[in-house]
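Asker: Let me give you the structure first, and then I'll get to my questions.
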Protein chains: 2
Amino acid sequence: MLAQLSQDDDVRLVAVRGGIGAVPGVRSAGVHAGIKLRKRDLAVIAFDQPQVCASVITTNEIKAAPVLVSAEHIAGDGVFRAIVCNSGCANACTGERGDRDARATARQAAALLKVSATSIIVASTGVIGVPLPMDRVQRGLERAIEQLESGVKSSNDAAEAIMTTDRVPKLAAYEFYIGEKKYVVGGIAKGSGMIAPNMATMLAFVATNLPMSADALQSELREAADATFNMISVDGCMSTNDALYAFAPAGEASPPAPFVRALHQVCSDLALAMVADGEGATKTLTVHVRGAKDVAQARTIGRAVINSNLVRTALYGEDPNWGRIIAAAGSVNAGLDPATWWLQLNGKTWVQPGAIEALSEAEAHSELELTDIVVDLHLGIGEARATAWGCDLSKDYVRINASYRT
Amino acid sequence: MLAQLSQDDDVRLVAVRGGIGAVPGVRSAGVHAGIKLRKRDLAVIAFDQPQVCASVITTNEIKAAPVLVSAEHIAGDGVFRAIVCNSGCANACTGERGDRDARATARQAAALLKVSATSIIVASTGVIGVPLPMDRVQRGLERAIEQLESGVKSSNDAAEAIMTTDRVPKLAAYEFYIGEKKYVVGGIAKGSGMIAPNMATMLAFVATNLPMSADALQSELREAADATFNMISVDGCMSTNDALYAFAPAGEASPPAPFVRALHQVCSDLALAMVADGEGATKTLTVHVRGAKDVAQARTIGRAVINSNLVRTALYGEDPNWGRIIAAAGSVNAGLDPATWWLQLNGKTWVQPGAIEALSEAEAHSELELTDIVVDLHLGIGEARATAWGCDLSKDYVRINASYRT
């Protein structure tokens with residue numbers, strides 16, 4: 001397992017099955033609409049009560065039609081009733097037709113659910129530059145909406161229906177307590193690399209039954225995403241369709257600590273599941289950057305290390321090339337001090353300040369034979385820290401991405 | 001061959017053999033000092049007359065000792081007489097000892113050449129974290145300085161002596177004319193990826209016999225580097241030892257156009273030789289970004305495309321995934337307009353504005369079967385343009401970098 005975010009407080013969280021389907025008032029379904037040849041390819045997640053919605057979307061200047069249409073809905077009256085997400089087609093770089101198709105999808109789902117079209121979030125993932133087969137989407141929506149159910153099975157079907165090159169569906173849910181009252185945060189996600197123009201994207205949908213305001217949900221989601229989804233990398237590539245949406249019943253209260261912890265934990269579990277399922281990955285890498293002047297510095301340096309092709313190929317080759325780690329850390333001009341940094345490998349002192357090796361090459365090599373590698377990079381500057389998660393760069397990554405057709 | 005910088009003017013340049021050794025007043029040597037097991041590993045390039053020196057060095061916060069010592073010399077009295085460069089050892093992350101060794105190398109070479117220690121530029125490339133074997137460096141310097149000669153053979157020896165994973169030595173030289181008088185710009189370089197903490201680095205040494213001021217040389221070198229060395233990428237990784245040094249006899253004149261063209265051409269030839277020799281490369285990629293609002297935008301977008309692992313694996317797989325190109329271009333927030341871009345592949349219209357494919361998948365695939373691929377990305381915004389050069393990401397890149405020991 002990847003090393004998790006540290007638990008700073010004693011909030012009681014209980015992991016439960018079912019992902020987003022574990023949240024009371026959420027019903028889901030995942031069907032085969034025929035966008036893909038055989039597998040489930042259309043998910044619907046519906047909320048019994050109106051929801052507020054928060055989002056973190058791709059910063060790519062090329063945004064897919066469903067991302068833009070959903071952003072318009074979020075800027076609207078702020079009432080949400082369902083998510084529709086297909087795999088097999090990204091509906092990106094599809095021009096005016098893409099925009100029409102995304103709106104038609106929302107309209108069709110809304111009509112079937114008897115809600116307004118602007119209360120639907122639409123998302124797509126798959127091949128770029130190819131239009132959605134709208135007749136199949138329509139028929140798929142009819143079947144999916146008939147099958148909507150609460151619970152584990154239907155949530156798992158939905159998680160499967162949004163997969164592209166993922167090997168496993170990704171679900172996470174935690175119960176938390178406000179006084180004696182129990183609430184749930186749950187989510188589903190997909191992503192194992194922006195594999196392709198074609199089978200792209202990280203998508204995640206999270207919900208809770210704890211009421212809160214849209215602003216509060218947005219600010220907590222942003223923070224959770226910055227510490228989790230934005231700290232992982234499979235290949236450093238950003239999709240046209242990346243999106244994370246979170247939902248809660250409308251309420252005034254700003255969220256209490258147990259919700260914040262549970263949201264972080266759900267996002268962290270889903271993000272780490274993506275890394276572990278990274279294309280061609282044979283090992284995972286957790287980089288704790290410690291002793292930084294601030295969190296921004298720690299995050300910048302952590303991301304530079306997990307994004308380095310040289311660090312990632314060394315990891316694949318179990319090659320204890322600590323110079324690649326420190327060269328990657330120094331390459332982003334984040335204020336590394338060449339005199340004070342030191343490294344730990346799997347908890348053991350690896351390189352002391354002044355670049356003095358504390359582990360022999362043989363010792364370091366055998367640490368790297370493990371499947372889950374933890375590097376602590378101490379900057380020796382301040383007190384802040386951050387964690388980044390990545391995976392190795394294998395010949396299989398090249399194979400998967402060079403020949404997606406086969 | 002990679003597509004070259006376009007020739008905007010009618011300056012007459014004549015390619016000549018010998019690299020830096022083609023420049024009158026330059027003598028060079030490359031010997032086996034024993035830092036490596038068998039191959040040449042120590043180069044000396046000496047100038048008959050005092051020179052001014054310009055430099056462009058790594059922006060990595062972790063800089064190797066020879067980079068720092070040379071920067072100190074450049075900040076000094078501004079008189080240069082020789083370059084000493086070893087391969088097989090980067091003298092990086094070697095603490096105080098690294099600093100002492102870099103200074104001792106300069107001192108020993110200076111004593112043998114009967115010049116001042118601060119007139120020596122030192123450079124190293126190879127394994128990080130391992131100290132220089134100074135006894136071997138000393139004996140190697142004695143032999144190299146005895147063997148100093150002008151001309152092609154000794155310059156080729158020097159170019160070989162600075163190689164790490166390079167498959168071929170890299171030399172370029174051009175004659176240019178100021179009125180009837182003939183001058184030369186010549187250079188040697190090494191680099192085929194920042195392969196390793198261990199066998200790292202791009203290094204290039206360029207000289208001319210046209211006198212000019214240090215400031216003029218610095219400003220021309222910076223411009224040439226920005227358009228050439230800074231527009232190539234093998235793996236997006238920046239070394240601790242990267243350095244480009246240029247030398248000229250002291251003079252007052254600001255450089256005339258023929259020199260500027262010749263300097264660009266030498267830098268361009270050396271940079272493209274690195275890309276063509278990129279680790280594991282089976283194909284080269286030239287990306288012309290056109291119709292940009294300014295050169296900075298065109299360069300940022302060009303670099304994003306050649307650095308994308310997804311573009312590079314698609315190239316390796318001859319997979320006409322234009323969505324990967326446009327997604328990479330959009331990921332850097334440089335102001336791409338989603339409505340106006342269009343693409344050419346090897347000079348043929350590939351994707352028209354509005355993401356309309358003009359080549360069939362089969363047609364595009366057969367274009368990608370060539371070894372040298374040229375993509376023109378038209379932004380449809382302004383008049384500026386830039387060119388970036390890269391190579392594909394193959395299974396061999398992973399093999400080379402995962403198991404550098406074997």
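Within each chain, counting starts at residue 1; across the structure tokens, chains are named A, B, ... in the order shown, with ligands numbered 1 upward in that order.
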Enumerate, in order of chain and increasing residue number, the residues of chain A with an atom no farther than 8 Å from chain B, each with its shortest atom pair and distance in Å to one decimal, counting only C-alpha atoms, as JSON lines.
Answerer:
```
{"residue": "A:Thr59", "atom": "CA", "partner": "B:Ser331", "partner_atom": "CA", "distance": 6.9}
{"residue": "A:Asn60", "atom": "CA", "partner": "B:Ser331", "partner_atom": "CA", "distance": 4.4}
{"residue": "A:Glu61", "atom": "CA", "partner": "B:Gly330", "partner_atom": "CA", "distance": 4.6}
{"residue": "A:Ile62", "atom": "CA", "partner": "B:Gly330", "partner_atom": "CA", "distance": 5.4}
{"residue": "A:Cys93", "atom": "CA", "partner": "B:Ala355", "partner_atom": "CA", "distance": 5.6}
{"residue": "A:Thr94", "atom": "CA", "partner": "B:Ala355", "partner_atom": "CA", "distance": 6.5}
{"residue": "A:Gly95", "atom": "CA", "partner": "B:Gly354", "partner_atom": "CA", "distance": 5.4}
{"residue": "A:Ile128", "atom": "CA", "partner": "B:Gly323", "partner_atom": "CA", "distance": 6.1}
{"residue": "A:Gly129", "atom": "CA", "partner": "B:Ala355", "partner_atom": "CA", "distance": 7.0}
{"residue": "A:Met194", "atom": "CA", "partner": "B:Leu310", "partner_atom": "CA", "distance": 8.0}
{"residue": "A:Ile195", "atom": "CA", "partner": "B:Leu310", "partner_atom": "CA", "distance": 7.2}
{"residue": "A:Ala196", "atom": "CA", "partner": "B:Arg324", "partner_atom": "CA", "distance": 6.3}
{"residue": "A:Pro197", "atom": "CA", "partner": "B:Gly323", "partner_atom": "CA", "distance": 4.5}
{"residue": "A:Asn198", "atom": "CA", "partner": "B:Gly323", "partner_atom": "CA", "distance": 7.4}
{"residue": "A:Asp235", "atom": "CA", "partner": "B:Asn309", "partner_atom": "CA", "distance": 6.8}
{"residue": "A:Gly236", "atom": "CA", "partner": "B:Asn309", "partner_atom": "CA", "distance": 7.9}
{"residue": "A:Cys237", "atom": "CA", "partner": "B:Ser308", "partner_atom": "CA", "distance": 6.9}
{"residue": "A:Met238", "atom": "CA", "partner": "B:Ser331", "partner_atom": "CA", "distance": 6.3}
{"residue": "A:Ser239", "atom": "CA", "partner": "B:Ala327", "partner_atom": "CA", "distance": 6.6}
{"residue": "A:Thr240", "atom": "CA", "partner": "B:Ala327", "partner_atom": "CA", "distance": 6.4}
{"residue": "A:Ser308", "atom": "CA", "partner": "B:Cys237", "partner_atom": "CA", "distance": 6.9}
{"residue": "A:Asn309", "atom": "CA", "partner": "B:Asp235", "partner_atom": "CA", "distance": 6.8}
{"residue": "A:Leu310", "atom": "CA", "partner": "B:Ala196", "partner_atom": "CA", "distance": 6.5}
{"residue": "A:Thr313", "atom": "CA", "partner": "B:Ala402", "partner_atom": "CA", "distance": 4.8}
{"residue": "A:Ala314", "atom": "CA", "partner": "B:Ala402", "partner_atom": "CA", "distance": 4.8}
{"residue": "A:Leu315", "atom": "CA", "partner": "B:Ala402", "partner_atom": "CA", "distance": 7.3}
{"residue": "A:Tyr316", "atom": "CA", "partner": "B:Ala402", "partner_atom": "CA", "distance": 6.0}
{"residue": "A:Gly317", "atom": "CA", "partner": "B:Ala402", "partner_atom": "CA", "distance": 4.0}
{"residue": "A:Glu318", "atom": "CA", "partner": "B:Ala402", "partner_atom": "CA", "distance": 7.4}
{"residue": "A:Asp319", "atom": "CA", "partner": "B:Ala402", "partner_atom": "CA", "distance": 6.8}
{"residue": "A:Asn321", "atom": "CA", "partner": "B:Pro197", "partner_atom": "CA", "distance": 6.2}
{"residue": "A:Trp322", "atom": "CA", "partner": "B:Pro197", "partner_atom": "CA", "distance": 7.3}
{"residue": "A:Gly323", "atom": "CA", "partner": "B:Pro197", "partner_atom": "CA", "distance": 4.5}
{"residue": "A:Arg324", "atom": "CA", "partner": "B:Pro197", "partner_atom": "CA", "distance": 4.7}
{"residue": "A:Ile326", "atom": "CA", "partner": "B:Ile62", "partner_atom": "CA", "distance": 7.5}
{"residue": "A:Ala327", "atom": "CA", "partner": "B:Ile62", "partner_atom": "CA", "distance": 6.3}
{"residue": "A:Ala328", "atom": "CA", "partner": "B:Cys237", "partner_atom": "CA", "distance": 7.2}
{"residue": "A:Gly330", "atom": "CA", "partner": "B:Glu61", "partner_atom": "CA", "distance": 4.6}
{"residue": "A:Ser331", "atom": "CA", "partner": "B:Asn60", "partner_atom": "CA", "distance": 4.4}
{"residue": "A:Val332", "atom": "CA", "partner": "B:Asn60", "partner_atom": "CA", "distance": 7.2}
{"residue": "A:Asn333", "atom": "CA", "partner": "B:Glu61", "partner_atom": "CA", "distance": 6.2}
{"residue": "A:Gly335", "atom": "CA", "partner": "B:Glu61", "partner_atom": "CA", "distance": 7.5}
{"residue": "A:Leu336", "atom": "CA", "partner": "B:Glu61", "partner_atom": "CA", "distance": 6.4}
{"residue": "A:Asp337", "atom": "CA", "partner": "B:Glu61", "partner_atom": "CA", "distance": 7.6}
{"residue": "A:Pro338", "atom": "CA", "partner": "B:Ile62", "partner_atom": "CA", "distance": 5.8}
{"residue": "A:Gly354", "atom": "CA", "partner": "B:Gly95", "partner_atom": "CA", "distance": 5.3}
{"residue": "A:Ala355", "atom": "CA", "partner": "B:Cys93", "partner_atom": "CA", "distance": 5.5}
{"residue": "A:Leu393", "atom": "CA", "partner": "B:Val398", "partner_atom": "CA", "distance": 7.2}
{"residue": "A:Ser394", "atom": "CA", "partner": "B:Val398", "partner_atom": "CA", "distance": 6.4}
{"residue": "A:Lys395", "atom": "CA", "partner": "B:Lys395", "partner_atom": "CA", "distance": 5.0}
{"residue": "A:Val398", "atom": "CA", "partner": "B:Thr313", "partner_atom": "CA", "distance": 5.9}
{"residue": "A:Arg399", "atom": "CA", "partner": "B:Lys395", "partner_atom": "CA", "distance": 7.4}
{"residue": "A:Asn401", "atom": "CA", "partner": "B:Thr313", "partner_atom": "CA", "distance": 5.7}
{"residue": "A:Ala402", "atom": "CA", "partner": "B:Gly317", "partner_atom": "CA", "distance": 4.1}
{"residue": "A:Ser403", "atom": "CA", "partner": "B:Gly317", "partner_atom": "CA", "distance": 5.6}
```
Asker: With DSSP run on the backbone, what are the helix (DSSP H, G or I) residues within range 100-348 of chain B? I'd like them as a PyMOL selection string.
Answerer: chain B and resi 100-113+117-119+134-147+152-161+214-227+229-231+257-276+295-307+309-316+322-330
Asker: The selected residues should be written to file as a short mmCIF file (atom, residue, chain, number, x, y, z; two decimals), in the first residue's frame (atoms: C-alpha atoms).
Answerer:
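For reference, out.cif as written:
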```cif
data_model
loop_
_atom_site.label_atom_id
_atom_site.label_comp_id
_atom_site.auth_asym_id
_atom_site.auth_seq_id
_atom_site.Cartn_x
_atom_site.Cartn_y
_atom_site.Cartn_z
CA ARG B 100 38.64 21.81 -3.79
CA ASP B 101 38.99 19.31 -6.66
CA ALA B 102 37.50 21.67 -9.24
CA ARG B 103 39.87 24.44 -8.11
CA ALA B 104 42.84 22.05 -8.09
CA THR B 105 42.02 20.97 -11.66
CA ALA B 106 42.07 24.60 -12.80
CA ARG B 107 45.31 25.26 -10.87
CA GLN B 108 47.11 22.24 -12.31
CA ALA B 109 46.06 23.05 -15.88
CA ALA B 110 47.07 26.69 -15.36
CA ALA B 111 50.53 25.70 -14.09
CA LEU B 112 51.13 23.43 -17.07
CA LEU B 113 49.91 26.10 -19.52
CA ALA B 117 44.09 29.56 -12.62
CA THR B 118 41.16 31.95 -13.00
CA SER B 119 41.62 31.88 -16.80
CA MET B 134 42.72 13.75 -8.75
CA ASP B 135 45.95 11.82 -9.31
CA ARG B 136 44.59 10.54 -12.61
CA VAL B 137 43.30 13.97 -13.56
CA GLN B 138 46.78 15.44 -12.92
CA ARG B 139 48.59 12.84 -15.05
CA GLY B 140 45.91 13.10 -17.73
CA LEU B 141 46.30 16.89 -17.85
CA GLU B 142 50.05 16.54 -18.36
CA ARG B 143 49.54 14.23 -21.33
CA ALA B 144 46.67 16.22 -22.84
CA ILE B 145 48.54 19.51 -22.67
CA GLU B 146 51.60 17.92 -24.31
CA GLN B 147 49.33 16.74 -27.15
CA VAL B 152 40.18 18.18 -37.00
CA LYS B 153 41.80 15.12 -35.36
CA SER B 154 42.52 16.67 -31.96
CA SER B 155 39.15 18.42 -31.88
CA ASN B 156 37.46 15.10 -32.57
CA ASP B 157 39.46 13.53 -29.71
CA ALA B 158 38.26 16.30 -27.40
CA ALA B 159 34.65 15.81 -28.52
CA GLU B 160 35.02 12.08 -27.80
CA ALA B 161 36.57 12.71 -24.39
CA ALA B 214 32.26 39.92 -23.51
CA ASP B 215 28.88 41.66 -23.22
CA ALA B 216 28.19 41.36 -26.93
CA LEU B 217 29.19 37.68 -26.90
CA GLN B 218 27.01 37.05 -23.85
CA SER B 219 23.96 38.62 -25.40
CA GLU B 220 24.36 36.77 -28.70
CA LEU B 221 25.00 33.46 -26.90
CA ARG B 222 21.90 33.87 -24.76
CA GLU B 223 19.76 34.47 -27.85
CA ALA B 224 21.27 31.58 -29.75
CA ALA B 225 20.83 29.25 -26.77
CA ASP B 226 17.19 30.26 -26.29
CA ALA B 227 16.42 29.38 -29.90
CA PHE B 229 19.67 24.35 -26.87
CA ASN B 230 16.71 25.58 -24.85
CA MET B 231 14.27 24.32 -27.50
CA ALA B 257 24.94 39.69 -38.76
CA PRO B 258 27.11 36.98 -40.36
CA PHE B 259 28.56 36.05 -36.96
CA VAL B 260 25.11 35.94 -35.38
CA ARG B 261 23.88 33.61 -38.13
CA ALA B 262 26.94 31.39 -37.88
CA LEU B 263 26.66 31.16 -34.09
CA HIS B 264 22.98 30.18 -34.37
CA GLN B 265 23.87 27.59 -36.97
CA VAL B 266 26.61 26.02 -34.84
CA CYS B 267 24.33 25.95 -31.77
CA SER B 268 21.48 24.57 -33.86
CA ASP B 269 23.64 21.81 -35.38
CA LEU B 270 24.96 20.77 -31.96
CA ALA B 271 21.52 20.87 -30.35
CA LEU B 272 19.93 18.81 -33.11
CA ALA B 273 22.80 16.31 -32.92
CA MET B 274 21.87 15.77 -29.26
CA VAL B 275 18.22 15.13 -30.09
CA ALA B 276 19.08 12.74 -32.90
CA VAL B 295 7.86 34.18 -29.52
CA ALA B 296 7.55 33.39 -25.80
CA GLN B 297 4.11 31.84 -26.34
CA ALA B 298 5.33 29.88 -29.36
CA ARG B 299 8.33 28.55 -27.41
CA THR B 300 6.30 27.60 -24.34
CA ILE B 301 3.82 25.64 -26.44
CA GLY B 302 6.53 24.04 -28.59
CA ARG B 303 8.38 22.83 -25.51
CA ALA B 304 5.16 21.47 -23.98
CA VAL B 305 4.57 19.33 -27.07
CA ILE B 306 8.08 17.86 -27.29
CA ASN B 307 8.15 17.21 -23.52
CA ASN B 309 5.37 11.61 -22.64
CA LEU B 310 2.08 10.91 -24.40
CA VAL B 311 3.10 12.68 -27.61
CA ARG B 312 6.45 10.90 -27.46
CA THR B 313 5.04 7.41 -26.94
CA ALA B 314 2.48 8.01 -29.72
CA LEU B 315 5.36 8.99 -32.01
CA TYR B 316 7.20 5.81 -31.06
CA TRP B 322 -3.32 14.51 -32.70
CA GLY B 323 -5.40 14.95 -29.54
CA ARG B 324 -2.24 14.33 -27.51
CA ILE B 325 -0.49 17.18 -29.29
CA ILE B 326 -3.27 19.68 -28.74
CA ALA B 327 -3.84 18.53 -25.13
CA ALA B 328 -0.12 19.06 -24.42
CA ALA B 329 -0.25 22.48 -26.10
CA GLY B 330 -3.25 23.44 -23.99
#
```
Asker: From a DSSP pass on the backbone, collect the residues of range 263-307 of chain A flagged as strand (DSSP E) and hand them back as a count of residues only.
Answerer: 9
